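As provided, model-v2.csv (CSV, C-alpha atoms) reads as follows.
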chain,number,residue,atom,x,y,z
A,1,MET,CA,-22.3,6.7,0.9
A,2,SER,CA,-22.7,6.8,-2.9
A,3,ALA,CA,-19.7,6.4,-5.2
A,4,LEU,CA,-18.4,9.1,-7.4
A,5,SER,CA,-16.1,7.9,-10.2
A,6,ALA,CA,-13.4,9.8,-12.0
A,7,GLU,CA,-13.5,9.7,-15.7
A,8,PRO,CA,-11.0,11.7,-17.7
A,9,GLU,CA,-12.5,14.6,-19.6
A,10,SER,CA,-16.0,14.0,-18.3
A,11,PRO,CA,-18.4,16.8,-19.3
A,12,ARG,CA,-19.7,17.0,-15.7
A,13,GLY,CA,-16.2,17.8,-14.4
A,14,THR,CA,-15.7,14.5,-12.4
A,15,GLY,CA,-12.1,14.2,-13.5
A,16,TRP,CA,-9.1,13.5,-11.3
A,17,ASP,CA,-9.0,16.9,-9.6
A,18,GLU,CA,-12.8,16.7,-8.8
A,19,ILE,CA,-12.6,13.2,-7.3
A,20,VAL,CA,-9.6,14.2,-5.2
A,21,ARG,CA,-11.6,17.2,-3.9
A,22,VAL,CA,-14.5,15.0,-3.0
A,23,TRP,CA,-12.1,12.6,-1.3
A,24,GLU,CA,-10.6,15.5,0.7
A,25,GLU,CA,-14.1,16.4,1.9
A,26,THR,CA,-15.3,12.9,2.7
A,27,ASP,CA,-16.4,12.7,6.4
A,28,ALA,CA,-15.8,9.1,7.3
A,29,PRO,CA,-15.9,7.5,10.8
A,30,GLU,CA,-12.8,7.9,12.8
A,31,GLY,CA,-10.1,5.3,12.0
A,32,SER,CA,-11.6,4.5,8.6
A,33,LYS,CA,-9.4,4.4,5.6
A,34,VAL,CA,-10.7,6.5,2.7
A,35,GLU,CA,-9.0,5.8,-0.6
A,36,ILE,CA,-9.6,6.2,-4.3
A,37,ILE,CA,-9.5,2.9,-6.1
A,38,GLU,CA,-9.9,2.9,-9.9
A,39,GLY,CA,-11.6,6.3,-9.7
A,40,VAL,CA,-14.1,5.3,-6.9
A,41,ILE,CA,-13.9,6.7,-3.4
A,42,THR,CA,-13.9,3.7,-1.0
A,43,VAL,CA,-14.3,3.7,2.7
A,44,SER,CA,-12.9,0.7,4.7
A,45,PRO,CA,-13.6,0.1,8.4
A,46,PRO,CA,-10.8,0.6,10.9
A,47,PRO,CA,-8.3,-2.2,10.8
A,48,SER,CA,-8.5,-5.0,13.3
A,49,GLU,CA,-6.0,-5.4,16.2
A,50,GLU,CA,-4.2,-8.2,14.3
A,51,HIS,CA,-4.0,-6.1,11.2
A,52,ASN,CA,-2.4,-3.2,13.2
A,53,ASP,CA,-0.1,-5.6,15.0
A,54,THR,CA,1.2,-7.0,11.7
A,55,ALA,CA,1.9,-3.6,10.4
A,56,GLU,CA,3.7,-2.5,13.5
A,57,LEU,CA,5.8,-5.7,13.7
A,58,LEU,CA,7.0,-5.2,10.1
A,59,HIS,CA,7.5,-1.4,10.7
A,60,GLU,CA,9.9,-2.2,13.5
A,61,ARG,CA,11.9,-4.6,11.4
A,62,LEU,CA,12.1,-2.3,8.4
A,63,TYR,CA,13.9,0.4,10.4
A,64,GLY,CA,17.0,-1.8,10.7
A,65,ALA,CA,16.8,-2.7,7.0
A,66,ILE,CA,16.9,0.8,5.5
A,67,PRO,CA,20.4,1.6,4.2
A,68,PRO,CA,22.1,4.3,6.4
A,69,ASP,CA,23.0,6.5,3.4
A,70,CYS,CA,19.3,6.7,2.3
A,71,ASN,CA,17.1,9.5,3.7
A,72,TRP,CA,14.0,7.3,3.6
A,73,GLY,CA,11.1,7.3,6.0
A,74,ILE,CA,8.6,4.5,6.8
A,75,TYR,CA,5.0,5.8,6.9
A,76,GLN,CA,1.7,4.2,7.9
A,77,THR,CA,-0.9,6.7,6.7
A,78,LEU,CA,0.7,8.4,3.8
A,79,GLY,CA,-1.5,8.8,0.7
A,80,LEU,CA,0.2,7.8,-2.6
A,81,THR,CA,-1.3,9.1,-5.8
A,82,CYS,CA,-1.6,7.2,-9.1
A,83,PRO,CA,-3.8,9.3,-11.3
A,84,GLU,CA,-3.0,7.0,-14.3
A,85,THR,CA,-5.2,4.3,-12.7
A,86,GLY,CA,-7.5,6.7,-10.8
A,87,GLY,CA,-5.9,5.7,-7.5
A,88,LEU,CA,-5.1,7.5,-4.3
A,89,PHE,CA,-3.9,4.7,-2.0
A,90,ILE,CA,-3.1,4.7,1.7
A,91,PRO,CA,-0.9,1.6,2.1
A,92,ASP,CA,-0.4,0.0,5.5
A,93,LEU,CA,3.3,0.8,5.2
A,94,CYS,CA,5.4,2.5,2.6
A,95,VAL,CA,9.1,3.5,2.4
A,96,VAL,CA,9.5,6.8,0.7
A,97,PRO,CA,12.3,9.4,0.5
A,98,ARG,CA,11.6,12.1,3.1
A,99,GLU,CA,12.1,14.8,0.6
A,100,ALA,CA,9.0,13.6,-1.3
A,101,LEU,CA,6.9,14.6,1.7
A,102,ARG,CA,8.5,18.1,2.0
A,103,ARG,CA,7.4,19.4,-1.4
A,104,GLY,CA,4.0,20.5,-0.2
A,105,THR,CA,2.2,18.4,-2.8
A,106,ARG,CA,0.6,14.9,-2.8
A,107,VAL,CA,3.2,12.2,-2.9
A,108,PRO,CA,3.1,10.2,-6.2
A,109,ALA,CA,3.3,6.5,-5.8
A,110,THR,CA,6.3,6.6,-8.2
A,111,GLU,CA,8.3,7.9,-5.2
A,112,ALA,CA,7.8,4.8,-3.1
A,113,GLU,CA,10.7,2.3,-2.8
A,114,LEU,CA,8.5,-0.3,-1.0
A,115,VAL,CA,4.7,-0.5,-0.4
A,116,VAL,CA,3.1,-3.0,2.0
A,117,GLU,CA,-0.5,-3.9,2.2
A,118,VAL,CA,-2.0,-6.1,5.0
A,119,THR,CA,-5.2,-7.6,3.8
A,120,SER,CA,-8.5,-7.4,5.7
A,121,PRO,CA,-11.5,-9.7,4.9
A,122,SER,CA,-13.6,-6.7,3.6
A,123,ASN,CA,-11.1,-5.4,1.1
A,124,ALA,CA,-8.5,-8.2,0.3
A,125,ASN,CA,-9.3,-8.1,-3.4
A,126,HIS,CA,-8.4,-4.4,-3.6
A,127,ASP,CA,-5.0,-5.2,-2.2
A,128,ARG,CA,-4.5,-8.4,-4.3
A,129,ILE,CA,-5.6,-7.0,-7.6
A,130,LYS,CA,-6.5,-3.3,-7.9
A,131,LYS,CA,-3.8,-1.8,-5.8
A,132,ALA,CA,-1.2,-4.3,-7.1
A,133,HIS,CA,-2.0,-3.0,-10.6
A,134,GLY,CA,-1.8,0.6,-9.5
A,135,TYR,CA,1.5,0.2,-7.7
A,136,ALA,CA,2.9,-1.7,-10.8
A,137,VAL,CA,1.7,1.1,-13.2
A,138,ALA,CA,3.5,3.6,-10.9
A,139,GLY,CA,6.7,1.6,-11.1
A,140,VAL,CA,7.0,0.9,-7.3
A,141,PRO,CA,10.0,-1.5,-7.2
A,142,LEU,CA,8.7,-3.7,-4.4
A,143,TYR,CA,5.2,-4.6,-3.3
A,144,LEU,CA,4.8,-6.8,-0.2
A,145,LEU,CA,1.4,-8.3,0.4
A,146,LEU,CA,0.7,-9.8,3.8
A,147,ASP,CA,-2.4,-11.8,3.3
A,148,ALA,CA,-3.8,-13.6,6.3
A,149,TRP,CA,-7.0,-14.4,4.3
A,150,GLN,CA,-5.4,-16.1,1.3
A,151,SER,CA,-7.4,-19.3,0.8
A,152,GLY,CA,-7.2,-20.2,4.4
A,153,ARG,CA,-3.4,-20.1,4.3
A,154,PRO,CA,-1.9,-16.9,5.5
A,155,THR,CA,0.7,-15.9,2.9
A,156,ALA,CA,3.4,-13.3,2.4
A,157,THR,CA,4.0,-12.5,-1.3
A,158,LEU,CA,6.7,-10.2,-2.5
A,159,TYR,CA,6.2,-8.6,-6.0
A,160,GLY,CA,8.8,-6.8,-8.0
A,161,GLU,CA,10.0,-6.0,-11.5
A,162,PRO,CA,6.9,-4.0,-12.5
A,163,GLN,CA,6.3,-3.8,-16.2
A,164,GLY,CA,3.1,-3.0,-18.2
A,165,GLY,CA,1.0,-2.6,-15.1
A,166,THR,CA,1.9,-6.1,-13.7
A,167,TYR,CA,4.4,-7.5,-11.2
A,168,ARG,CA,6.4,-10.6,-11.2
A,169,VAL,CA,6.2,-12.7,-8.0
A,170,LEU,CA,9.7,-12.7,-6.5
A,171,ALA,CA,8.7,-14.9,-3.5
A,172,SER,CA,5.7,-16.3,-1.8
A,173,VAL,CA,5.7,-18.1,1.5
A,174,GLU,CA,3.2,-19.3,4.0
A,175,TYR,CA,3.3,-17.5,7.4
A,176,GLY,CA,5.9,-19.3,9.5
A,177,GLU,CA,8.5,-19.3,6.7
A,178,GLU,CA,11.2,-16.7,5.9
A,179,LEU,CA,10.9,-14.2,3.1
A,180,THR,CA,13.8,-12.1,2.0
A,181,LEU,CA,13.5,-8.5,0.8
A,182,PRO,CA,16.2,-7.9,-1.7
A,183,ALA,CA,18.6,-5.0,-1.9
A,184,PRO,CA,18.6,-2.2,-0.9
A,185,PHE,CA,16.7,-3.7,2.1
A,186,LYS,CA,18.4,-7.1,2.5
A,187,LEU,CA,15.9,-8.1,5.2
A,188,VAL,CA,15.2,-11.7,6.1
A,189,LEU,CA,11.7,-11.6,7.5
A,190,ASP,CA,10.4,-14.4,9.7
A,191,THR,CA,6.7,-14.3,8.8
A,192,GLY,CA,5.9,-16.5,11.8
A,193,ILE,CA,5.8,-13.3,13.9
A,194,PHE,CA,2.6,-12.2,12.3
A,195,PRO,CA,-0.7,-12.9,14.0
A,196,LEU,CA,-3.2,-15.1,12.1
A,197,GLY,CA,-6.4,-13.5,11.1
Produce structure tokens that represent the structure in this file.
Amino acid sequence: MSALSAEPESPRGTGWDEIVRVWEETDAPEGSKVEIIEGVITVSPPPSEEHNDTAELLHERLYGAIPPDCNWGIYQTLGLTCPETGGLFIPDLCVVPREALRRGTRVPATEAELVVEVTSPSNANHDRIKKAHGYAVAGVPLYLLLDAWQSGRPTATLYGEPQGGTYRVLASVEYGEELTLPAPFKLVLDTGIFPLG
């Protein structure tokens, strides 16, 4: 598949609306993840069993960590837009107010309270660098990266305090150690539950 990039005010009309239209019409194999990263449509293979297991284990724990007075949902295949960086990301998990999904428009990444990416060998750098930048530009308060492929040491890294398109590392632990998600979640996460690889 060839790449089509989005450039603002391009004379050929390949701006944000055009790239989103092409993204909508992309026919990818079942289970593949089709995203727009830095203005380029990317297709990733279906996630592995370990990847899916990691996402599900965290999903289960997040339900108990959402404050009862918040009307937030936890979503696994929700597209979050960040046109400022040419991004339409589909995080492995995101916590978003339910009302954001009921407006009948694409959900801006700015609506997310927490975004989680689980790396795969084929696209780990997107999660580590490009998506982290996009989520920071959007002002997502917390970004959790579960990286089983980090230099041979599976690592969970929590980013926060987005400013100027970058995050500050709030905590980074090797799998097997505990990581705490701050308020409003207040979740102590045992990363030893996640499969390796």
So what do you get for atom CA of Gly134 of chain A versus atom CA of Thr85 of chain A, distance-wise?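 The value is 6.0 Å.
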Nearest residue to Pro182 of chain A out of A:Leu93, A:Ile74, A:Thr110, A:Pro67, using all atoms listed in the file?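 Result for the nearest residue to Pro182 of chain A: A:Pro67.
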Which of A:Glu25, A:Glu50, A:Asp127, A:Asp92 sits closest to Val115 of chain A [using only C-alpha atoms]: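 Nearest to Val115 of chain A: A:Asp92.
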Using only C-alpha atoms - which residues lie no farther than 7 Å from the point (-1.7, -4.6, 2.8) in the file's frame? Write them as a PyMOL selection string. chain A and resi 91-92+116-119+127+145-146
File dump, residues just selected, C-alpha atoms, as a short mmCIF file (atom, residue, chain, number, x, y, z; two decimals), in the frame of the given file:
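part_39.cif, written as the output of this step:
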data_model
loop_
_atom_site.label_atom_id
_atom_site.label_comp_id
_atom_site.auth_asym_id
_atom_site.auth_seq_id
_atom_site.Cartn_x
_atom_site.Cartn_y
_atom_site.Cartn_z
CA PRO A 91 -0.90 1.60 2.10
CA ASP A 92 -0.40 0.00 5.50
CA VAL A 116 3.10 -3.00 2.00
CA GLU A 117 -0.50 -3.90 2.20
CA VAL A 118 -2.00 -6.10 5.00
CA THR A 119 -5.20 -7.60 3.80
CA ASP A 127 -5.00 -5.20 -2.20
CA LEU A 145 1.40 -8.30 0.40
CA LEU A 146 0.70 -9.80 3.80
#
Excluding same-chain residues fewer than 5 positions from Gly31 of chain A, what lies within 8 Å of it counting only C-alpha atoms, as a ChimeraX atom specification? /A:45-47
Once you have the residues from the selection above, write them out as a compact mmCIF listing (two decimals), in the coordinates of the input, restricted to C-alpha atoms.
# COMPACT_ATOMS: atom_id res chain seq x y z
CA PRO A 45 -13.60 0.10 8.40
CA PRO A 46 -10.80 0.60 10.90
CA PRO A 47 -8.30 -2.20 10.80
Tell me, in Å to one decimal, how far atom CA of Thr191 of chain A is from atom CA of Glu174 of chain A.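 Value for the atom CA of Thr191 of chain A-atom CA of Glu174 of chain A distance: 7.8 Å.
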Which residue of A:Gly39, A:Gly86, A:Gly192, A:Pro68 approaches Pro154 of chain A most closely, using only C-alpha atoms: A:Gly192
Any idea what the distance is between atom CA of Leu88 of chain A and atom CA of Tyr75 of chain A? 15.2 Å
For a quick check of your reading of the model, name the residues lying within 12 Å of the coordinate (13.6, -8.7, 0.0), counting all atoms listed in the file, and write them as an MDAnalysis selection string. chainID A and resid 62 65:66 113:114 141:144 156:160 169:172 178:190
Taking all atoms listed in the file into account, name the residue in A:Ala28, A:Val34, A:Cys94, A:Leu196 that is nearest to His59 of chain A.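 Selected residue with least distance to His59 of chain A: A:Cys94.
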